[in-house]
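Trainee: Just one file: target-v2.txt, with compact mmCIF, N, CA and C atoms.
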```txt
# COMPACT_ATOMS: atom_id res chain seq x y z
N MET A 1 3.42 -16.03 -1.30
CA MET A 1 2.55 -15.12 -0.57
C MET A 1 2.59 -15.48 0.92
N LEU A 2 2.56 -14.49 1.78
CA LEU A 2 2.60 -14.70 3.22
C LEU A 2 1.25 -15.17 3.73
N SER A 3 1.30 -15.96 4.79
CA SER A 3 0.06 -16.42 5.40
C SER A 3 -0.56 -15.29 6.22
N VAL A 4 -1.80 -15.50 6.67
CA VAL A 4 -2.47 -14.52 7.52
C VAL A 4 -1.64 -14.31 8.79
N LEU A 5 -1.08 -15.41 9.33
CA LEU A 5 -0.25 -15.30 10.52
C LEU A 5 0.94 -14.38 10.23
N GLY A 6 1.55 -14.52 9.06
CA GLY A 6 2.66 -13.66 8.68
C GLY A 6 2.22 -12.22 8.59
N ASP A 7 1.08 -11.97 8.00
CA ASP A 7 0.56 -10.60 7.89
C ASP A 7 0.32 -10.01 9.27
N ASP A 8 -0.22 -10.80 10.17
CA ASP A 8 -0.48 -10.33 11.52
C ASP A 8 0.83 -9.96 12.22
N HIS A 9 1.82 -10.80 12.08
CA HIS A 9 3.13 -10.55 12.69
C HIS A 9 3.75 -9.26 12.16
N PHE A 10 3.74 -9.10 10.84
CA PHE A 10 4.37 -7.93 10.25
C PHE A 10 3.58 -6.65 10.52
N MET A 11 2.25 -6.76 10.60
CA MET A 11 1.47 -5.58 10.94
C MET A 11 1.79 -5.14 12.38
N GLN A 12 2.03 -6.10 13.25
CA GLN A 12 2.42 -5.73 14.62
C GLN A 12 3.72 -4.93 14.61
N LYS A 13 4.64 -5.27 13.73
CA LYS A 13 5.89 -4.51 13.61
C LYS A 13 5.62 -3.09 13.13
N ALA A 14 4.66 -2.93 12.23
CA ALA A 14 4.28 -1.59 11.78
C ALA A 14 3.62 -0.82 12.92
N ILE A 15 2.82 -1.50 13.72
CA ILE A 15 2.19 -0.88 14.89
C ILE A 15 3.26 -0.42 15.88
N ASP A 16 4.31 -1.21 16.03
CA ASP A 16 5.42 -0.81 16.90
C ASP A 16 6.03 0.50 16.41
N GLU A 17 6.18 0.64 15.10
CA GLU A 17 6.70 1.89 14.53
C GLU A 17 5.74 3.05 14.79
N ALA A 18 4.46 2.79 14.65
CA ALA A 18 3.46 3.83 14.91
C ALA A 18 3.52 4.29 16.36
N GLY A 19 3.83 3.38 17.26
CA GLY A 19 3.99 3.72 18.67
C GLY A 19 5.12 4.73 18.88
N LYS A 20 6.19 4.61 18.10
CA LYS A 20 7.29 5.57 18.18
C LYS A 20 6.81 6.96 17.77
N ALA A 21 6.01 7.01 16.71
CA ALA A 21 5.46 8.29 16.27
C ALA A 21 4.58 8.89 17.38
N PHE A 22 3.74 8.06 17.97
CA PHE A 22 2.85 8.51 19.04
C PHE A 22 3.67 9.14 20.17
N GLU A 23 4.75 8.47 20.57
CA GLU A 23 5.62 8.96 21.65
C GLU A 23 6.26 10.29 21.31
N GLU A 24 6.49 10.54 20.03
CA GLU A 24 7.12 11.78 19.59
C GLU A 24 6.10 12.85 19.18
N ASP A 25 4.85 12.62 19.50
CA ASP A 25 3.75 13.54 19.20
C ASP A 25 3.57 13.74 17.69
N GLU A 26 3.85 12.71 16.94
CA GLU A 26 3.58 12.67 15.49
C GLU A 26 2.31 11.86 15.29
N VAL A 27 1.60 12.12 14.21
CA VAL A 27 0.45 11.28 13.88
C VAL A 27 0.95 9.83 13.83
N PRO A 28 0.34 8.93 14.61
CA PRO A 28 0.89 7.59 14.78
C PRO A 28 0.63 6.63 13.62
N VAL A 29 1.42 6.79 12.60
CA VAL A 29 1.38 5.87 11.46
C VAL A 29 2.75 5.22 11.36
N GLY A 30 2.76 3.91 11.25
CA GLY A 30 4.00 3.16 11.09
C GLY A 30 3.94 2.31 9.85
N ALA A 31 5.11 2.07 9.27
CA ALA A 31 5.19 1.24 8.06
C ALA A 31 6.45 0.40 8.10
N ILE A 32 6.35 -0.78 7.54
CA ILE A 32 7.53 -1.61 7.31
C ILE A 32 7.43 -2.17 5.90
N ILE A 33 8.57 -2.52 5.36
CA ILE A 33 8.60 -3.19 4.06
C ILE A 33 9.34 -4.51 4.23
N VAL A 34 8.70 -5.56 3.74
CA VAL A 34 9.20 -6.92 3.87
C VAL A 34 9.55 -7.45 2.49
N CYS A 35 10.72 -8.07 2.40
CA CYS A 35 11.17 -8.72 1.17
C CYS A 35 11.70 -10.10 1.53
N GLN A 36 11.18 -11.11 0.92
CA GLN A 36 11.57 -12.49 1.19
C GLN A 36 11.51 -12.81 2.69
N SER A 37 10.40 -12.43 3.29
CA SER A 37 10.10 -12.68 4.70
C SER A 37 11.03 -11.96 5.68
N ARG A 38 11.78 -10.97 5.20
CA ARG A 38 12.67 -10.17 6.05
C ARG A 38 12.26 -8.71 6.00
N ILE A 39 12.29 -8.06 7.14
CA ILE A 39 12.02 -6.61 7.18
C ILE A 39 13.26 -5.90 6.65
N ILE A 40 13.07 -5.13 5.58
CA ILE A 40 14.20 -4.39 5.01
C ILE A 40 14.09 -2.89 5.25
N ALA A 41 12.94 -2.42 5.73
CA ALA A 41 12.77 -0.99 6.02
C ALA A 41 11.70 -0.82 7.08
N ARG A 42 11.94 0.15 7.97
CA ARG A 42 11.01 0.51 9.03
C ARG A 42 10.92 2.03 9.05
N ALA A 43 9.73 2.53 9.29
CA ALA A 43 9.58 3.99 9.36
C ALA A 43 8.29 4.35 10.09
N TYR A 44 8.27 5.59 10.55
CA TYR A 44 7.06 6.15 11.13
C TYR A 44 6.99 7.61 10.73
N ASN A 45 5.80 8.19 10.85
CA ASN A 45 5.61 9.59 10.46
C ASN A 45 6.62 10.47 11.18
N GLN A 46 7.24 11.39 10.43
CA GLN A 46 8.19 12.33 11.01
C GLN A 46 7.97 13.73 10.43
N VAL A 47 6.74 14.03 10.11
CA VAL A 47 6.39 15.32 9.49
C VAL A 47 6.80 16.48 10.40
N GLU A 48 6.48 16.40 11.67
CA GLU A 48 6.79 17.49 12.61
C GLU A 48 8.29 17.56 12.87
N ARG A 49 8.89 16.43 13.14
CA ARG A 49 10.33 16.39 13.44
C ARG A 49 11.15 16.97 12.30
N LEU A 50 10.84 16.58 11.08
CA LEU A 50 11.61 17.01 9.92
C LEU A 50 11.07 18.28 9.28
N GLN A 51 9.89 18.74 9.75
CA GLN A 51 9.22 19.89 9.14
C GLN A 51 9.10 19.68 7.63
N ASP A 52 8.62 18.50 7.27
CA ASP A 52 8.52 18.08 5.88
C ASP A 52 7.17 17.39 5.69
N PRO A 53 6.27 17.99 4.93
CA PRO A 53 4.94 17.40 4.75
C PRO A 53 4.96 16.07 4.01
N SER A 54 6.08 15.73 3.38
CA SER A 54 6.15 14.45 2.68
C SER A 54 6.77 13.35 3.55
N ALA A 55 7.10 13.63 4.79
CA ALA A 55 7.77 12.64 5.65
C ALA A 55 6.77 11.67 6.28
N HIS A 56 5.92 11.12 5.45
CA HIS A 56 4.98 10.10 5.90
C HIS A 56 5.72 8.77 6.04
N ALA A 57 5.19 7.91 6.89
CA ALA A 57 5.83 6.61 7.15
C ALA A 57 6.07 5.83 5.85
N GLU A 58 5.07 5.83 4.96
CA GLU A 58 5.20 5.07 3.72
C GLU A 58 6.34 5.60 2.85
N ILE A 59 6.44 6.91 2.71
CA ILE A 59 7.48 7.52 1.87
C ILE A 59 8.85 7.20 2.44
N LEU A 60 9.00 7.35 3.76
CA LEU A 60 10.29 7.08 4.39
C LEU A 60 10.66 5.60 4.26
N ALA A 61 9.68 4.72 4.39
CA ALA A 61 9.95 3.28 4.25
C ALA A 61 10.31 2.92 2.80
N ILE A 62 9.61 3.50 1.85
CA ILE A 62 9.92 3.24 0.43
C ILE A 62 11.35 3.68 0.12
N THR A 63 11.72 4.87 0.57
CA THR A 63 13.07 5.38 0.33
C THR A 63 14.12 4.44 0.93
N ALA A 64 13.90 4.03 2.17
CA ALA A 64 14.85 3.13 2.83
C ALA A 64 14.95 1.78 2.11
N ALA A 65 13.81 1.24 1.70
CA ALA A 65 13.80 -0.06 1.00
C ALA A 65 14.50 0.04 -0.35
N CYS A 66 14.26 1.12 -1.07
CA CYS A 66 14.92 1.30 -2.37
C CYS A 66 16.44 1.40 -2.20
N HIS A 67 16.87 2.11 -1.17
CA HIS A 67 18.30 2.21 -0.89
C HIS A 67 18.86 0.83 -0.54
N HIS A 68 18.12 0.10 0.28
CA HIS A 68 18.56 -1.24 0.71
C HIS A 68 18.74 -2.17 -0.49
N LEU A 69 17.78 -2.13 -1.40
CA LEU A 69 17.80 -3.03 -2.56
C LEU A 69 18.62 -2.48 -3.72
N GLY A 70 18.91 -1.19 -3.70
CA GLY A 70 19.60 -0.57 -4.84
C GLY A 70 18.73 -0.55 -6.08
N SER A 71 17.43 -0.33 -5.87
CA SER A 71 16.46 -0.34 -6.96
C SER A 71 15.30 0.58 -6.63
N LYS A 72 14.72 1.19 -7.65
CA LYS A 72 13.53 2.02 -7.43
C LYS A 72 12.25 1.20 -7.47
N ILE A 73 12.37 -0.06 -7.82
CA ILE A 73 11.22 -0.96 -7.95
C ILE A 73 11.22 -1.97 -6.80
N LEU A 74 10.08 -2.12 -6.16
CA LEU A 74 9.95 -3.01 -5.00
C LEU A 74 9.03 -4.19 -5.30
N GLU A 75 9.13 -4.73 -6.50
CA GLU A 75 8.16 -5.74 -6.96
C GLU A 75 8.19 -7.06 -6.18
N GLN A 76 9.20 -7.29 -5.37
CA GLN A 76 9.25 -8.51 -4.55
C GLN A 76 8.88 -8.22 -3.10
N CYS A 77 8.35 -7.03 -2.83
CA CYS A 77 8.15 -6.57 -1.46
C CYS A 77 6.68 -6.36 -1.11
N THR A 78 6.44 -6.35 0.20
CA THR A 78 5.13 -6.01 0.74
C THR A 78 5.29 -4.84 1.70
N LEU A 79 4.46 -3.83 1.55
CA LEU A 79 4.40 -2.71 2.49
C LEU A 79 3.28 -3.00 3.47
N TYR A 80 3.60 -2.94 4.76
CA TYR A 80 2.59 -3.01 5.82
C TYR A 80 2.53 -1.62 6.43
N VAL A 81 1.34 -1.06 6.52
CA VAL A 81 1.18 0.28 7.08
C VAL A 81 -0.08 0.30 7.93
N THR A 82 -0.03 1.01 9.03
CA THR A 82 -1.12 0.97 10.00
C THR A 82 -2.36 1.71 9.56
N LEU A 83 -2.20 2.68 8.65
CA LEU A 83 -3.34 3.48 8.18
C LEU A 83 -3.35 3.49 6.66
N GLU A 84 -4.52 3.46 6.09
CA GLU A 84 -4.67 3.55 4.63
C GLU A 84 -3.85 4.72 4.10
N PRO A 85 -2.99 4.48 3.12
CA PRO A 85 -2.15 5.56 2.58
C PRO A 85 -2.98 6.70 1.97
N CYS A 86 -2.42 7.90 2.04
CA CYS A 86 -3.03 9.06 1.40
C CYS A 86 -2.72 9.02 -0.10
N VAL A 87 -3.26 9.97 -0.81
CA VAL A 87 -3.05 10.03 -2.27
C VAL A 87 -1.57 10.22 -2.61
N MET A 88 -0.85 11.06 -1.85
CA MET A 88 0.57 11.27 -2.10
C MET A 88 1.34 9.95 -1.97
N CYS A 89 1.06 9.22 -0.91
CA CYS A 89 1.75 7.95 -0.69
C CYS A 89 1.33 6.90 -1.72
N ALA A 90 0.07 6.93 -2.13
CA ALA A 90 -0.38 6.01 -3.18
C ALA A 90 0.40 6.27 -4.48
N GLY A 91 0.68 7.54 -4.77
CA GLY A 91 1.48 7.87 -5.95
C GLY A 91 2.88 7.28 -5.85
N ALA A 92 3.49 7.40 -4.68
CA ALA A 92 4.83 6.82 -4.47
C ALA A 92 4.77 5.30 -4.59
N LEU A 93 3.69 4.71 -4.09
CA LEU A 93 3.52 3.26 -4.21
C LEU A 93 3.32 2.85 -5.66
N TYR A 94 2.60 3.66 -6.41
CA TYR A 94 2.41 3.36 -7.84
C TYR A 94 3.78 3.24 -8.51
N TRP A 95 4.64 4.22 -8.29
CA TRP A 95 5.93 4.25 -8.98
C TRP A 95 6.93 3.23 -8.44
N SER A 96 6.81 2.86 -7.17
CA SER A 96 7.75 1.87 -6.61
C SER A 96 7.26 0.43 -6.81
N ARG A 97 5.99 0.26 -7.13
CA ARG A 97 5.38 -1.02 -7.52
C ARG A 97 5.61 -2.20 -6.58
N PRO A 98 5.30 -2.08 -5.29
CA PRO A 98 5.42 -3.26 -4.43
C PRO A 98 4.43 -4.34 -4.87
N ALA A 99 4.75 -5.58 -4.56
CA ALA A 99 3.85 -6.69 -4.91
C ALA A 99 2.54 -6.57 -4.15
N ARG A 100 2.63 -6.12 -2.89
CA ARG A 100 1.45 -6.02 -2.04
C ARG A 100 1.51 -4.78 -1.18
N VAL A 101 0.34 -4.24 -0.88
CA VAL A 101 0.17 -3.20 0.12
C VAL A 101 -0.88 -3.73 1.09
N VAL A 102 -0.53 -3.74 2.37
CA VAL A 102 -1.42 -4.23 3.41
C VAL A 102 -1.58 -3.12 4.44
N TYR A 103 -2.81 -2.65 4.64
CA TYR A 103 -3.00 -1.62 5.65
C TYR A 103 -4.00 -2.07 6.71
N GLY A 104 -3.86 -1.45 7.89
CA GLY A 104 -4.70 -1.82 9.02
C GLY A 104 -6.03 -1.10 9.03
N ALA A 105 -6.01 0.19 9.34
CA ALA A 105 -7.24 0.98 9.48
C ALA A 105 -7.50 1.80 8.22
N ALA A 106 -8.77 1.95 7.90
CA ALA A 106 -9.17 2.80 6.78
C ALA A 106 -9.07 4.27 7.20
N ASP A 107 -8.87 5.13 6.21
CA ASP A 107 -8.86 6.58 6.44
C ASP A 107 -9.89 7.18 5.49
N GLU A 108 -11.12 7.30 5.96
CA GLU A 108 -12.22 7.74 5.10
C GLU A 108 -12.07 9.18 4.62
N LYS A 109 -11.36 10.01 5.39
CA LYS A 109 -11.20 11.42 5.00
C LYS A 109 -10.06 11.65 4.02
N LYS A 110 -8.89 11.02 4.28
CA LYS A 110 -7.70 11.33 3.49
C LYS A 110 -7.13 10.12 2.74
N GLY A 111 -7.74 8.96 2.89
CA GLY A 111 -7.23 7.75 2.26
C GLY A 111 -7.41 7.73 0.75
N PHE A 112 -6.50 7.04 0.07
CA PHE A 112 -6.53 7.00 -1.39
C PHE A 112 -7.73 6.27 -1.95
N MET A 113 -8.34 5.36 -1.18
CA MET A 113 -9.47 4.59 -1.70
C MET A 113 -10.69 5.47 -1.98
N LYS A 114 -10.68 6.67 -1.44
CA LYS A 114 -11.73 7.64 -1.75
C LYS A 114 -11.74 7.91 -3.26
N TYR A 115 -10.57 7.78 -3.87
CA TYR A 115 -10.42 8.04 -5.31
C TYR A 115 -10.30 6.76 -6.13
N GLY A 116 -10.09 5.64 -5.47
CA GLY A 116 -10.08 4.36 -6.17
C GLY A 116 -8.76 3.63 -6.14
N ARG A 117 -8.87 2.35 -6.21
CA ARG A 117 -7.74 1.44 -6.17
C ARG A 117 -6.79 1.66 -7.36
N GLU A 118 -7.30 2.30 -8.39
CA GLU A 118 -6.51 2.56 -9.61
C GLU A 118 -5.30 3.44 -9.33
N LEU A 119 -5.24 4.10 -8.17
CA LEU A 119 -4.08 4.91 -7.84
C LEU A 119 -2.83 4.06 -7.58
N LEU A 120 -3.05 2.77 -7.29
CA LEU A 120 -1.92 1.85 -7.14
C LEU A 120 -1.61 1.22 -8.49
N HIS A 121 -0.39 0.70 -8.61
CA HIS A 121 0.00 0.00 -9.84
C HIS A 121 -0.92 -1.20 -10.03
N PRO A 122 -1.29 -1.50 -11.28
CA PRO A 122 -2.22 -2.62 -11.53
C PRO A 122 -1.72 -3.97 -11.01
N LYS A 123 -0.41 -4.16 -10.90
CA LYS A 123 0.13 -5.44 -10.42
C LYS A 123 0.20 -5.52 -8.90
N THR A 124 -0.01 -4.41 -8.22
CA THR A 124 0.06 -4.39 -6.76
C THR A 124 -1.23 -4.95 -6.17
N LYS A 125 -1.10 -5.97 -5.33
CA LYS A 125 -2.26 -6.53 -4.63
C LYS A 125 -2.52 -5.70 -3.38
N LEU A 126 -3.78 -5.51 -3.07
CA LEU A 126 -4.18 -4.69 -1.94
C LEU A 126 -4.96 -5.52 -0.94
N GLU A 127 -4.56 -5.42 0.33
CA GLU A 127 -5.28 -6.09 1.41
C GLU A 127 -5.40 -5.11 2.56
N TYR A 128 -6.46 -5.24 3.33
CA TYR A 128 -6.66 -4.30 4.43
C TYR A 128 -7.44 -4.96 5.55
N GLY A 129 -7.41 -4.27 6.69
CA GLY A 129 -8.16 -4.75 7.85
C GLY A 129 -7.34 -5.60 8.81
N ILE A 130 -6.06 -5.84 8.51
CA ILE A 130 -5.22 -6.62 9.41
C ILE A 130 -4.98 -5.78 10.67
N ARG A 131 -5.40 -6.31 11.82
CA ARG A 131 -5.29 -5.60 13.11
C ARG A 131 -5.97 -4.23 13.06
N HIS A 132 -7.06 -4.17 12.35
CA HIS A 132 -7.81 -2.93 12.16
C HIS A 132 -8.09 -2.21 13.47
N ASP A 133 -8.65 -2.93 14.45
CA ASP A 133 -9.06 -2.29 15.69
C ASP A 133 -7.87 -1.66 16.42
N GLN A 134 -6.77 -2.36 16.45
CA GLN A 134 -5.58 -1.84 17.12
C GLN A 134 -5.04 -0.61 16.39
N CYS A 135 -5.00 -0.66 15.07
CA CYS A 135 -4.52 0.48 14.27
C CYS A 135 -5.44 1.68 14.43
N ALA A 136 -6.74 1.45 14.38
CA ALA A 136 -7.71 2.54 14.52
C ALA A 136 -7.64 3.15 15.92
N ALA A 137 -7.44 2.32 16.94
CA ALA A 137 -7.36 2.82 18.32
C ALA A 137 -6.18 3.76 18.49
N LEU A 138 -5.06 3.47 17.85
CA LEU A 138 -3.90 4.37 17.93
C LEU A 138 -4.27 5.78 17.46
N MET A 139 -4.95 5.85 16.33
CA MET A 139 -5.35 7.15 15.79
C MET A 139 -6.35 7.85 16.70
N LYS A 140 -7.36 7.11 17.14
CA LYS A 140 -8.38 7.70 18.01
C LYS A 140 -7.77 8.22 19.30
N ASP A 141 -6.90 7.42 19.91
CA ASP A 141 -6.27 7.81 21.17
C ASP A 141 -5.39 9.05 20.97
N PHE A 142 -4.67 9.09 19.88
CA PHE A 142 -3.78 10.23 19.60
C PHE A 142 -4.58 11.52 19.48
N PHE A 143 -5.63 11.51 18.67
CA PHE A 143 -6.40 12.72 18.45
C PHE A 143 -7.26 13.09 19.66
N ALA A 144 -7.68 12.10 20.43
CA ALA A 144 -8.42 12.41 21.67
C ALA A 144 -7.49 13.12 22.64
N ALA A 145 -6.26 12.66 22.76
CA ALA A 145 -5.29 13.31 23.66
C ALA A 145 -4.96 14.73 23.17
N LYS A 146 -4.89 14.92 21.85
CA LYS A 146 -4.62 16.25 21.29
C LYS A 146 -5.72 17.23 21.68
N ARG A 147 -6.97 16.77 21.63
CA ARG A 147 -8.10 17.65 21.95
C ARG A 147 -8.11 18.03 23.43
N LEU A 148 -7.56 17.17 24.28
CA LEU A 148 -7.54 17.44 25.72
C LEU A 148 -6.41 18.37 26.14
N ARG A 149 -5.34 18.42 25.33
CA ARG A 149 -4.19 19.27 25.67
C ARG A 149 -4.49 20.73 25.43
N PRO A 150 -4.06 21.58 26.35
CA PRO A 150 -4.21 23.03 26.09
C PRO A 150 -3.25 23.46 24.99
N SER A 151 -3.66 24.43 24.21
CA SER A 151 -2.84 24.90 23.09
C SER A 151 -1.65 25.69 23.57
```
Here is a file; write its structure as structure tokens.
Mentor:
Amino acid sequence: MLSVLGDDHFMQKAIDEAGKAFEEDEVPVGAIIVCQSRIIARAYNQVERLQDPSAHAEILAITAACHHLGSKILEQCTLYVTLEPCVMCAGALYWSRPARVVYGAADEKKGFMKYGRELLHPKTKLEYGIRHDQCAALMKDFFAAKRLRPS
């Protein structure tokens, strides 16, 4: 298991990915997948760019990690994501079965925890709150800027 310092380091890498989304006017969510202390997948939301409602950071990272490992199961991996996954992403996480899911900021409106931790595979460990303030600020800043822009 990674130390808190390791979690902090890897969450910063997910925040870096979220920054790319922010720059591209995408909802700023970033995700990375780590296996044996190495980043094997990086992604950020690309819903607008790809015109694909399933192009969430988590889904793109899971796909990349599965391709990297040549397996649909990620049982030796940890997903770091800046925002609590939605129900769709929780379903993908259930089927890909990472050892851990670590998220930064909670999503009270669209997050899967609204429906319960049972949406994840029973063997997947869940941790949250790593760099919470920084992750939450990304979302707040993004939507505040959206409200200020003329349509």
Trainee: Extract the full set of helix (DSSP H, G or I) residues from chain A according to DSSP on the backbone, and format it as a VMD selection string.
Mentor: chain A and resid 4 to 23 47 to 50 57 to 69 87 to 96 112 to 114 117 to 119 132 to 148
Trainee: Considering only N, CA and C atoms, state which residue in the set A:His56, A:Ala64, A:Tyr94, A:Ser71 is at the smallest distance from Pro122 (chain A).
Mentor: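 Checking each of A:His56, A:Ala64, A:Tyr94, A:Ser71 against Pro122 (chain A), counting only N, CA and C atoms, the winner is A:Tyr94.
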Trainee: Calculated over only C-alpha atoms, which of the candidates A:Ala105, A:Val27, A:Cys86, A:Leu119 has the smallest distance to Arg131 (chain A)?
Mentor: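 For Arg131 (chain A), the nearest of the given residues is A:Ala105.
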Trainee: Grab the CA of Arg117 (chain A) to atom N of Asp8 (chain A) distance for me, in Å with one decimal place.
Mentor: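 So the two atoms, CA of Arg117 (chain A) and atom N of Asp8 (chain A), lie 21.8 Å apart.
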Trainee: Identify, with DSSP run on backbone atoms, the residues in chain A assigned to strand (DSSP E or B), and express the list as number ranges by chain.
Mentor: A: 30-35, 38-44, 77-83, 86, 100-105, 111, 125-128
Trainee: Could you name the residues that touch region 28-37 of chain A at 10 Å or less, counting only C-alpha atoms, but leaving out those on the same chain fewer than 6 positions away, as a ChimeraX atom specification?
Mentor: /A:1-2,6,10-22,43-46,56-62,64-65,69,74-85,98-103,135-136,138-143
Trainee: A:Arg38, A:Ala106, A:Gln134, A:Leu93: which is nearest Leu120 (chain A), counting all atoms listed in the file?
Mentor: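 Nearest candidate to Leu120 (chain A) out of A:Arg38, A:Ala106, A:Gln134, A:Leu93: A:Leu93.
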Trainee: Step by step, gather every atom of region 81-97 of chain A that the file lists, find the box along x, y and z that holds them, add 6 Å on each side, and finally give centre and edge lengths in Å to one decimal, as JSON.
Mentor:
```
{"center_x": 1.5, "center_y": 4.5, "center_z": 0.5, "size_x": 24.4, "size_y": 25.5, "size_z": 31.0}
```
Trainee: In Å to one decimal, how far is CA of Asp133 (chain A) from atom N of Val87 (chain A)?
Mentor: 21.4 Å
Trainee: Could you please determine the separation between atom C of Val47 (chain A) and CA of Cys66 (chain A) in Å, to one decimal place?
Mentor: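 Those two atoms sit 21.4 Å apart.
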Trainee: Considering only N, CA and C atoms, can you say which of A:Ala41, A:Gly104, A:Lys110, A:Arg147 comes closest to His132 (chain A)?
Mentor: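 So, comparing all the options, the nearest one is A:Gly104.
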Trainee: Rank A:Ile40, A:Met88, A:Ile73, A:Ala144 by their smallest atom-to-atom distance to Gly111 (chain A), using all atoms listed in the file, and report the top residue only.
Mentor: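 Ranking A:Ile40, A:Met88, A:Ile73, A:Ala144 by distance to Gly111 (chain A), first place goes to A:Met88.
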Trainee: Kindly indicate which residue among A:Leu148, A:Ala55, A:Ala137, A:Ala90 lies nearest to Glu118 (chain A), using only C-alpha atoms for the distances.
Mentor: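 With only C-alpha atoms as the atom set, the closest residue is A:Ala90.
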